[in-house]
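Structure file query-v1.pdb (PDB, C-alpha atoms) follows.
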```pdb
ATOM      1  CA  MET A1241       0.000   0.000   0.000  1.00  0.00           C
ATOM      2  CA  ASN A1242       1.467   3.360  -0.962  1.00  0.00           C
ATOM      3  CA  GLU A1243       1.072   6.580   1.022  1.00  0.00           C
ATOM      4  CA  ILE A1244      -1.811   7.910  -1.058  1.00  0.00           C
ATOM      5  CA  GLN A1245      -3.712   4.671  -0.483  1.00  0.00           C
ATOM      6  CA  ILE A1246      -3.033   4.936   3.259  1.00  0.00           C
ATOM      7  CA  ILE A1247      -4.359   8.504   3.275  1.00  0.00           C
ATOM      8  CA  GLN A1248      -7.456   7.509   1.297  1.00  0.00           C
ATOM      9  CA  SER A1249      -8.051   4.548   3.592  1.00  0.00           C
ATOM     10  CA  GLN A1250      -7.810   6.782   6.655  1.00  0.00           C
ATOM     11  CA  LEU A1251     -10.215   9.265   5.073  1.00  0.00           C
ATOM     12  CA  ALA A1252     -12.726   6.450   4.601  1.00  0.00           C
ATOM     13  CA  THR A1253     -12.182   5.360   8.200  1.00  0.00           C
ATOM     14  CA  GLU A1254     -12.632   8.890   9.512  1.00  0.00           C
ATOM     15  CA  ARG A1255     -15.796   9.319   7.478  1.00  0.00           C
ATOM     16  CA  LEU A1256     -17.253   6.168   9.049  1.00  0.00           C
ATOM     17  CA  HIS A1257     -16.038   7.028  12.544  1.00  0.00           C
ATOM     18  CA  PHE A1258     -17.340  10.611  12.375  1.00  0.00           C
ATOM     19  CA  ALA A1259     -20.779   9.337  11.400  1.00  0.00           C
ATOM     20  CA  GLU A1260     -20.732   6.544  13.977  1.00  0.00           C
ATOM     21  CA  VAL A1261     -19.722   8.801  16.869  1.00  0.00           C
ATOM     22  CA  ALA A1262     -22.283  11.445  15.875  1.00  0.00           C
ATOM     23  CA  LYS A1263     -24.976   8.763  15.697  1.00  0.00           C
ATOM     24  CA  ALA A1264     -23.985   7.346  19.108  1.00  0.00           C
ATOM     25  CA  CYS A1265     -24.111  10.826  20.665  1.00  0.00           C
ATOM     26  CA  ALA A1266     -27.485  11.553  19.082  1.00  0.00           C
ATOM     27  CA  ALA A1267     -28.836   8.229  20.374  1.00  0.00           C
ATOM     28  CA  ALA A1268     -27.508   8.970  23.850  1.00  0.00           C
ATOM     29  CA  LEU A1269     -29.197  12.372  23.727  1.00  0.00           C
ATOM     30  CA  GLY A1270     -32.455  10.718  22.732  1.00  0.00           C
ATOM     31  CA  ASN A1271     -32.180   8.284  25.649  1.00  0.00           C
ATOM     32  CA  GLY A1272     -31.062  10.909  28.141  1.00  0.00           C
ATOM     33  CA  LYS A1273     -27.733   9.083  28.530  1.00  0.00           C
ATOM     34  CA  LEU A1274     -25.383  11.867  27.454  1.00  0.00           C
ATOM     35  CA  ALA A1275     -25.082  12.992  31.042  1.00  0.00           C
ATOM     36  CA  ALA A1276     -22.656  15.785  31.739  1.00  0.00           C
ATOM     37  CA  HIS A1277     -19.417  14.543  33.209  1.00  0.00           C
ATOM     38  CA  SER A1278     -20.028  10.913  32.219  1.00  0.00           C
ATOM     39  CA  ASP A1279     -17.145   8.995  30.669  1.00  0.00           C
ATOM     40  CA  PHE A1280     -19.075   8.786  27.408  1.00  0.00           C
ATOM     41  CA  ALA A1281     -19.727  12.540  27.317  1.00  0.00           C
ATOM     42  CA  ALA A1282     -16.046  13.234  28.040  1.00  0.00           C
ATOM     43  CA  ALA A1283     -15.003  10.839  25.268  1.00  0.00           C
ATOM     44  CA  CYS A1284     -17.404  12.545  22.835  1.00  0.00           C
ATOM     45  CA  VAL A1285     -16.149  16.004  23.782  1.00  0.00           C
ATOM     46  CA  ASP A1286     -12.550  14.930  23.169  1.00  0.00           C
ATOM     47  CA  TYR A1287     -13.387  13.141  19.927  1.00  0.00           C
ATOM     48  CA  PHE A1288     -15.274  16.084  18.464  1.00  0.00           C
ATOM     49  CA  ALA A1289     -12.635  18.569  19.639  1.00  0.00           C
ATOM     50  CA  PHE A1290     -10.215  16.595  17.470  1.00  0.00           C
ATOM     51  CA  ALA A1291     -12.683  15.941  14.630  1.00  0.00           C
ATOM     52  CA  VAL A1292     -13.475  19.618  14.022  1.00  0.00           C
ATOM     53  CA  THR A1293      -9.767  20.209  13.364  1.00  0.00           C
ATOM     54  CA  ARG A1294     -10.044  17.781  10.433  1.00  0.00           C
ATOM     55  CA  LEU A1295     -12.730  19.864   8.729  1.00  0.00           C
ATOM     56  CA  ASP A1296     -12.537  23.283   7.105  1.00  0.00           C
ATOM     57  CA  TRP A1297     -14.929  24.593   9.725  1.00  0.00           C
ATOM     58  CA  ASN A1298     -14.524  27.210  12.394  1.00  0.00           C
ATOM     59  CA  SER A1299     -16.476  25.682  15.253  1.00  0.00           C
ATOM     60  CA  LYS A1300     -15.852  24.239  18.672  1.00  0.00           C
ATOM     61  CA  ALA A1301     -17.190  20.994  20.055  1.00  0.00           C
ATOM     62  CA  PRO A1302     -19.641  21.309  22.931  1.00  0.00           C
ATOM     63  CA  GLY A1303     -18.148  21.123  26.395  1.00  0.00           C
ATOM     64  CA  LEU A1304     -19.080  18.735  29.166  1.00  0.00           C
ATOM     65  CA  ASP A1305     -21.598  21.220  30.532  1.00  0.00           C
ATOM     66  CA  ALA A1306     -23.302  21.858  27.171  1.00  0.00           C
ATOM     67  CA  SER A1307     -27.080  21.664  26.982  1.00  0.00           C
ATOM     68  CA  GLU A1308     -28.887  19.030  24.955  1.00  0.00           C
ATOM     69  CA  GLU A1309     -29.926  21.772  22.551  1.00  0.00           C
ATOM     70  CA  ARG A1310     -26.279  22.783  22.013  1.00  0.00           C
ATOM     71  CA  TRP A1311     -25.365  19.142  21.365  1.00  0.00           C
ATOM     72  CA  ARG A1312     -28.200  18.714  18.868  1.00  0.00           C
ATOM     73  CA  GLU A1313     -27.230  21.902  17.018  1.00  0.00           C
ATOM     74  CA  PHE A1314     -23.594  20.883  16.970  1.00  0.00           C
ATOM     75  CA  LEU A1315     -24.279  17.336  15.755  1.00  0.00           C
ATOM     76  CA  GLY A1316     -26.464  18.600  12.904  1.00  0.00           C
ATOM     77  CA  ALA A1317     -23.879  21.150  11.810  1.00  0.00           C
ATOM     78  CA  PHE A1318     -21.042  18.651  12.266  1.00  0.00           C
ATOM     79  CA  ASN A1319     -22.757  16.081  10.042  1.00  0.00           C
ATOM     80  CA  ASP A1320     -23.347  18.747   7.375  1.00  0.00           C
ATOM     81  CA  GLN A1321     -19.721  19.896   7.482  1.00  0.00           C
ATOM     82  CA  ALA A1322     -18.365  16.339   7.447  1.00  0.00           C
ATOM     83  CA  THR A1323     -20.517  15.509   4.410  1.00  0.00           C
ATOM     84  CA  LYS A1324     -19.186  18.570   2.565  1.00  0.00           C
ATOM     85  CA  HIS A1325     -15.594  17.847   3.594  1.00  0.00           C
ATOM     86  CA  PHE A1326     -15.577  14.214   2.540  1.00  0.00           C
ATOM     87  CA  GLY A1327     -17.571  14.982  -0.603  1.00  0.00           C
ATOM     88  CA  ALA A1328     -14.949  17.504  -1.707  1.00  0.00           C
ATOM     89  CA  LEU A1329     -12.163  15.011  -1.051  1.00  0.00           C
ATOM     90  CA  GLN A1330     -14.096  12.262  -2.840  1.00  0.00           C
ATOM     91  CA  ALA A1331     -14.268  14.467  -5.926  1.00  0.00           C
ATOM     92  CA  LEU A1332     -10.464  14.604  -5.945  1.00  0.00           C
ATOM     93  CA  LEU A1333     -10.067  10.829  -6.174  1.00  0.00           C
ATOM     94  CA  ALA A1334     -10.404  10.920  -9.963  1.00  0.00           C
ATOM     95  CA  ARG A1335      -7.524  13.376 -10.204  1.00  0.00           C
ATOM     96  CA  ASN A1336      -3.972  12.163 -10.083  1.00  0.00           C
ATOM     97  CA  LEU A1337      -2.760  14.403  -7.257  1.00  0.00           C
ATOM     98  CA  PRO A1338       0.759  14.059  -5.878  1.00  0.00           C
ATOM     99  CA  VAL A1339       1.176  12.761  -2.335  1.00  0.00           C
ATOM    100  CA  SER A1340       2.172  16.215  -1.064  1.00  0.00           C
ATOM    101  CA  GLN A1341      -1.239  17.582  -2.087  1.00  0.00           C
ATOM    102  CA  TRP A1342      -3.058  14.635  -0.508  1.00  0.00           C
ATOM    103  CA  ARG A1343      -1.170  15.259   2.739  1.00  0.00           C
ATOM    104  CA  ALA A1344      -2.104  18.938   2.731  1.00  0.00           C
ATOM    105  CA  LEU A1345      -5.741  18.469   1.742  1.00  0.00           C
ATOM    106  CA  SER A1346      -6.449  15.547   4.057  1.00  0.00           C
ATOM    107  CA  LYS A1347      -4.455  16.805   7.054  1.00  0.00           C
ATOM    108  CA  ILE A1348      -3.521  13.173   7.661  1.00  0.00           C
ATOM    109  CA  ASP A1349      -0.224  12.047   9.073  1.00  0.00           C
ATOM    110  CA  ALA A1350       0.855   9.274  11.440  1.00  0.00           C
ATOM    111  CA  ASP A1351       0.089  11.377  14.518  1.00  0.00           C
ATOM    112  CA  SER A1352      -3.417  12.273  13.363  1.00  0.00           C
ATOM    113  CA  ILE A1353      -4.186   8.616  12.585  1.00  0.00           C
ATOM    114  CA  PHE A1354      -3.039   7.564  16.052  1.00  0.00           C
ATOM    115  CA  THR A1355      -4.971  10.386  17.714  1.00  0.00           C
ATOM    116  CA  GLU A1356      -8.194   9.655  15.847  1.00  0.00           C
ATOM    117  CA  ARG A1357      -8.005   5.943  16.654  1.00  0.00           C
ATOM    118  CA  THR A1358      -7.296   6.655  20.327  1.00  0.00           C
ATOM    119  CA  TYR A1359     -10.245   9.032  20.707  1.00  0.00           C
ATOM    120  CA  TYR A1360     -12.511   6.714  18.729  1.00  0.00           C
ATOM    121  CA  GLY A1361     -11.516   3.800  20.957  1.00  0.00           C
ATOM    122  CA  ARG A1362     -12.468   5.809  24.055  1.00  0.00           C
ATOM    123  CA  VAL A1363     -15.872   6.591  22.593  1.00  0.00           C
ATOM    124  CA  LYS A1364     -16.499   2.949  21.672  1.00  0.00           C
ATOM    125  CA  ALA A1365     -15.407   1.779  25.134  1.00  0.00           C
ATOM    126  CA  THR A1366     -17.832   4.112  26.909  1.00  0.00           C
ATOM    127  CA  VAL A1367     -20.976   3.988  24.732  1.00  0.00           C
ATOM    128  CA  PRO A1368     -23.941   3.620  27.095  1.00  0.00           C
TER     129      PRO A1368
END
```

Would you mind giving the structure from this file in structure tokens?
Amino acid sequence: MNEIQIIQSQLATERLHFAEVAKACAAALGNGKLAAHSDFAAACVDYFAFAVTRLDWNSKAPGLDASEERWREFLGAFNDQATKHFGALQALLARNLPVSQWRALSKIDADSIFTERTYYGRVKATVP
């Protein structure tokens, strides 16, 4: 697997993870299980604080003390931004971009892969 394939694979993984974490948070909101200061809420806060840095979006993830309304607004906007972000990158797949451009556009490197997987693992381990 070459570096471009690794980047594209990680983009696909992030797309799935972003959607999965957003869905888990929305479900927890619906069940009243996204309690402030729970391990799951803390894991979601950390995950989304990282995830927003992956998107071309100037927003902050809700904090532990955020209201349900703030979470719902954030999750809706996050899903919209993630769809736009990954759609734009998907459109570039047909182009033969050099690896340097893929690195810059995707913001993916070894550290970001490790960080995303670590935060995702925390979310998965604490889902109510």

| note | atom CA of A:Ala1301 sits from atom CA of A:Ala1289 at a separation of 5.2 Å

| Could you name the residues that touch stretch 1355-1364 of chain A at 8 Å or less, counting only C-alpha atoms, but leaving out those on the same chain fewer than 3 positions away, as a ChimeraX atom specification? | /A:1254,1257,1261,1280,1283-1284,1286-1287,1290-1291,1351-1352,1367

| task | Excluding A:Gln1321 and residues on its chain fewer than 3 positions from it, collect all residues at most 8 Å away from it, counting only C-alpha atoms, and give them as a list in words. | result | Leu1295, Asp1296, Trp1297, Ala1317, Phe1318, Lys1324 and His1325 of chain A

| task | Would you mind listing what lies within 8 Å of stretch 1327-1342 of chain A as JSON, numbers by chain, with only C-alpha atoms counted and same-chain residues fewer than 6 positions away left out? | result | {"A": [1243, 1244, 1247]}

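In this model, the gap between atom CA of A:Ala1252 and atom CA of A:Phe1326 comes to 8.5 Å.
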
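Our summary of the geometry notes that atom CA of A:Asn1319 is positioned 15.1 Å from atom CA of A:Leu1251.
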
With all atoms of stretch 1286-1296 of chain A from the file as input, state the centre and edge lengths in Å to one decimal of the axis-aligned box that has 5 Å extra on each side, as JSON.
```
{"center_x": -12.5, "center_y": 18.2, "center_z": 15.1, "size_x": 15.5, "size_y": 20.1, "size_z": 26.1}
```

| task | With a distance cut-off of 12 Å and all atoms listed in the file, select the neighbouring residues of A:Ala1306, excluding the residue or stretch itself and same-chain residues fewer than 6 positions from it, and output the selection as a list in words. | result | Leu1269, Leu1274, Ala1275, Ala1276, His1277, Ala1281, Ala1282, Cys1284, Val1285, Lys1300, Arg1312, Glu1313 and Phe1314 of chain A

Could you add whatever atoms are missing so that stretch 1305-1316 of chain A carries all heavy atoms, then write the result as a PDB file, keeping the file's coordinate frame?
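What landed in part_12.pdb:
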```pdb
ATOM      1  N   ASP A1305     -20.419  20.603  29.920  1.00  0.00           N
ATOM      2  CA  ASP A1305     -21.598  21.220  30.532  1.00  0.00           C
ATOM      3  C   ASP A1305     -22.600  21.741  29.499  1.00  0.00           C
ATOM      4  O   ASP A1305     -23.547  22.439  29.850  1.00  0.00           O
ATOM      5  CB  ASP A1305     -21.175  22.355  31.456  1.00  0.00           C
ATOM      6  CG  ASP A1305     -20.360  23.420  30.741  1.00  0.00           C
ATOM      7  OD1 ASP A1305     -19.976  23.212  29.578  1.00  0.00           O
ATOM      8  OD2 ASP A1305     -20.101  24.464  31.357  1.00  0.00           O
ATOM      9  N   ALA A1306     -22.420  21.364  28.232  1.00  0.00           N
ATOM     10  CA  ALA A1306     -23.302  21.858  27.171  1.00  0.00           C
ATOM     11  C   ALA A1306     -24.711  21.293  27.326  1.00  0.00           C
ATOM     12  O   ALA A1306     -24.903  20.154  27.763  1.00  0.00           O
ATOM     13  CB  ALA A1306     -22.742  21.478  25.804  1.00  0.00           C
ATOM     14  N   SER A1307     -25.680  22.090  26.935  1.00  0.00           N
ATOM     15  CA  SER A1307     -27.080  21.664  26.982  1.00  0.00           C
ATOM     16  C   SER A1307     -27.361  20.660  25.867  1.00  0.00           C
ATOM     17  O   SER A1307     -26.611  20.559  24.892  1.00  0.00           O
ATOM     18  CB  SER A1307     -27.994  22.875  26.817  1.00  0.00           C
ATOM     19  OG  SER A1307     -27.876  23.384  25.493  1.00  0.00           O
ATOM     20  N   GLU A1308     -28.479  19.964  26.015  1.00  0.00           N
ATOM     21  CA  GLU A1308     -28.887  19.030  24.955  1.00  0.00           C
ATOM     22  C   GLU A1308     -29.122  19.780  23.648  1.00  0.00           C
ATOM     23  O   GLU A1308     -28.780  19.281  22.580  1.00  0.00           O
ATOM     24  CB  GLU A1308     -30.152  18.272  25.359  1.00  0.00           C
ATOM     25  CG  GLU A1308     -29.896  17.175  26.363  1.00  0.00           C
ATOM     26  CD  GLU A1308     -31.098  16.260  26.541  1.00  0.00           C
ATOM     27  OE1 GLU A1308     -31.987  16.215  25.655  1.00  0.00           O
ATOM     28  OE2 GLU A1308     -31.134  15.583  27.574  1.00  0.00           O
ATOM     29  N   GLU A1309     -29.688  20.974  23.757  1.00  0.00           N
ATOM     30  CA  GLU A1309     -29.926  21.772  22.551  1.00  0.00           C
ATOM     31  C   GLU A1309     -28.613  22.101  21.848  1.00  0.00           C
ATOM     32  O   GLU A1309     -28.518  22.002  20.633  1.00  0.00           O
ATOM     33  CB  GLU A1309     -30.669  23.057  22.903  1.00  0.00           C
ATOM     34  CG  GLU A1309     -30.983  23.903  21.685  1.00  0.00           C
ATOM     35  CD  GLU A1309     -31.758  25.160  22.026  1.00  0.00           C
ATOM     36  OE1 GLU A1309     -32.470  25.177  23.051  1.00  0.00           O
ATOM     37  OE2 GLU A1309     -31.631  26.120  21.266  1.00  0.00           O
ATOM     38  N   ARG A1310     -27.592  22.480  22.603  1.00  0.00           N
ATOM     39  CA  ARG A1310     -26.279  22.783  22.013  1.00  0.00           C
ATOM     40  C   ARG A1310     -25.710  21.545  21.325  1.00  0.00           C
ATOM     41  O   ARG A1310     -25.168  21.626  20.230  1.00  0.00           O
ATOM     42  CB  ARG A1310     -25.327  23.288  23.110  1.00  0.00           C
ATOM     43  CG  ARG A1310     -23.875  23.389  22.686  1.00  0.00           C
ATOM     44  CD  ARG A1310     -23.630  24.507  21.666  1.00  0.00           C
ATOM     45  NE  ARG A1310     -22.208  24.598  21.383  1.00  0.00           N
ATOM     46  CZ  ARG A1310     -21.672  24.311  20.187  1.00  0.00           C
ATOM     47  NH1 ARG A1310     -22.422  23.964  19.173  1.00  0.00           N
ATOM     48  NH2 ARG A1310     -20.366  24.404  19.999  1.00  0.00           N
ATOM     49  N   TRP A1311     -25.849  20.385  21.970  1.00  0.00           N
ATOM     50  CA  TRP A1311     -25.365  19.142  21.365  1.00  0.00           C
ATOM     51  C   TRP A1311     -26.109  18.848  20.066  1.00  0.00           C
ATOM     52  O   TRP A1311     -25.489  18.492  19.066  1.00  0.00           O
ATOM     53  CB  TRP A1311     -25.516  17.971  22.344  1.00  0.00           C
ATOM     54  CG  TRP A1311     -24.311  17.779  23.197  1.00  0.00           C
ATOM     55  CD1 TRP A1311     -24.184  18.117  24.512  1.00  0.00           C
ATOM     56  CD2 TRP A1311     -23.053  17.219  22.807  1.00  0.00           C
ATOM     57  NE1 TRP A1311     -22.922  17.787  24.961  1.00  0.00           N
ATOM     58  CE2 TRP A1311     -22.209  17.239  23.928  1.00  0.00           C
ATOM     59  CE3 TRP A1311     -22.550  16.706  21.611  1.00  0.00           C
ATOM     60  CZ2 TRP A1311     -20.899  16.765  23.893  1.00  0.00           C
ATOM     61  CZ3 TRP A1311     -21.251  16.228  21.579  1.00  0.00           C
ATOM     62  CH2 TRP A1311     -20.443  16.263  22.706  1.00  0.00           C
ATOM     63  N   ARG A1312     -27.413  18.997  20.082  1.00  0.00           N
ATOM     64  CA  ARG A1312     -28.200  18.714  18.868  1.00  0.00           C
ATOM     65  C   ARG A1312     -27.805  19.647  17.728  1.00  0.00           C
ATOM     66  O   ARG A1312     -27.643  19.215  16.587  1.00  0.00           O
ATOM     67  CB  ARG A1312     -29.693  18.834  19.152  1.00  0.00           C
ATOM     68  CG  ARG A1312     -30.236  17.718  20.004  1.00  0.00           C
ATOM     69  CD  ARG A1312     -31.754  17.827  20.182  1.00  0.00           C
ATOM     70  NE  ARG A1312     -32.206  17.144  21.357  1.00  0.00           N
ATOM     71  CZ  ARG A1312     -32.233  15.834  21.528  1.00  0.00           C
ATOM     72  NH1 ARG A1312     -31.801  15.054  20.565  1.00  0.00           N
ATOM     73  NH2 ARG A1312     -32.665  15.289  22.644  1.00  0.00           N
ATOM     74  N   GLU A1313     -27.653  20.939  18.043  1.00  0.00           N
ATOM     75  CA  GLU A1313     -27.230  21.902  17.018  1.00  0.00           C
ATOM     76  C   GLU A1313     -25.852  21.548  16.482  1.00  0.00           C
ATOM     77  O   GLU A1313     -25.622  21.573  15.271  1.00  0.00           O
ATOM     78  CB  GLU A1313     -27.206  23.314  17.600  1.00  0.00           C
ATOM     79  CG  GLU A1313     -28.569  23.889  17.896  1.00  0.00           C
ATOM     80  CD  GLU A1313     -28.491  25.192  18.679  1.00  0.00           C
ATOM     81  OE1 GLU A1313     -27.379  25.662  19.003  1.00  0.00           O
ATOM     82  OE2 GLU A1313     -29.571  25.749  18.980  1.00  0.00           O
ATOM     83  N   PHE A1314     -24.946  21.235  17.384  1.00  0.00           N
ATOM     84  CA  PHE A1314     -23.594  20.883  16.970  1.00  0.00           C
ATOM     85  C   PHE A1314     -23.596  19.638  16.088  1.00  0.00           C
ATOM     86  O   PHE A1314     -22.952  19.618  15.039  1.00  0.00           O
ATOM     87  CB  PHE A1314     -22.680  20.652  18.181  1.00  0.00           C
ATOM     88  CG  PHE A1314     -21.342  20.102  17.780  1.00  0.00           C
ATOM     89  CD1 PHE A1314     -20.357  20.929  17.270  1.00  0.00           C
ATOM     90  CD2 PHE A1314     -21.087  18.745  17.881  1.00  0.00           C
ATOM     91  CE1 PHE A1314     -19.123  20.409  16.861  1.00  0.00           C
ATOM     92  CE2 PHE A1314     -19.859  18.215  17.474  1.00  0.00           C
ATOM     93  CZ  PHE A1314     -18.879  19.053  16.966  1.00  0.00           C
ATOM     94  N   LEU A1315     -24.286  18.588  16.514  1.00  0.00           N
ATOM     95  CA  LEU A1315     -24.279  17.336  15.755  1.00  0.00           C
ATOM     96  C   LEU A1315     -24.854  17.531  14.357  1.00  0.00           C
ATOM     97  O   LEU A1315     -24.313  16.977  13.386  1.00  0.00           O
ATOM     98  CB  LEU A1315     -25.033  16.242  16.509  1.00  0.00           C
ATOM     99  CG  LEU A1315     -24.360  15.744  17.784  1.00  0.00           C
ATOM    100  CD1 LEU A1315     -25.292  14.818  18.555  1.00  0.00           C
ATOM    101  CD2 LEU A1315     -23.032  15.053  17.480  1.00  0.00           C
ATOM    102  N   GLY A1316     -25.911  18.321  14.225  1.00  0.00           N
ATOM    103  CA  GLY A1316     -26.464  18.600  12.904  1.00  0.00           C
ATOM    104  C   GLY A1316     -25.480  19.341  12.017  1.00  0.00           C
ATOM    105  O   GLY A1316     -25.258  18.967  10.860  1.00  0.00           O
TER     106      GLY A1316
END
```
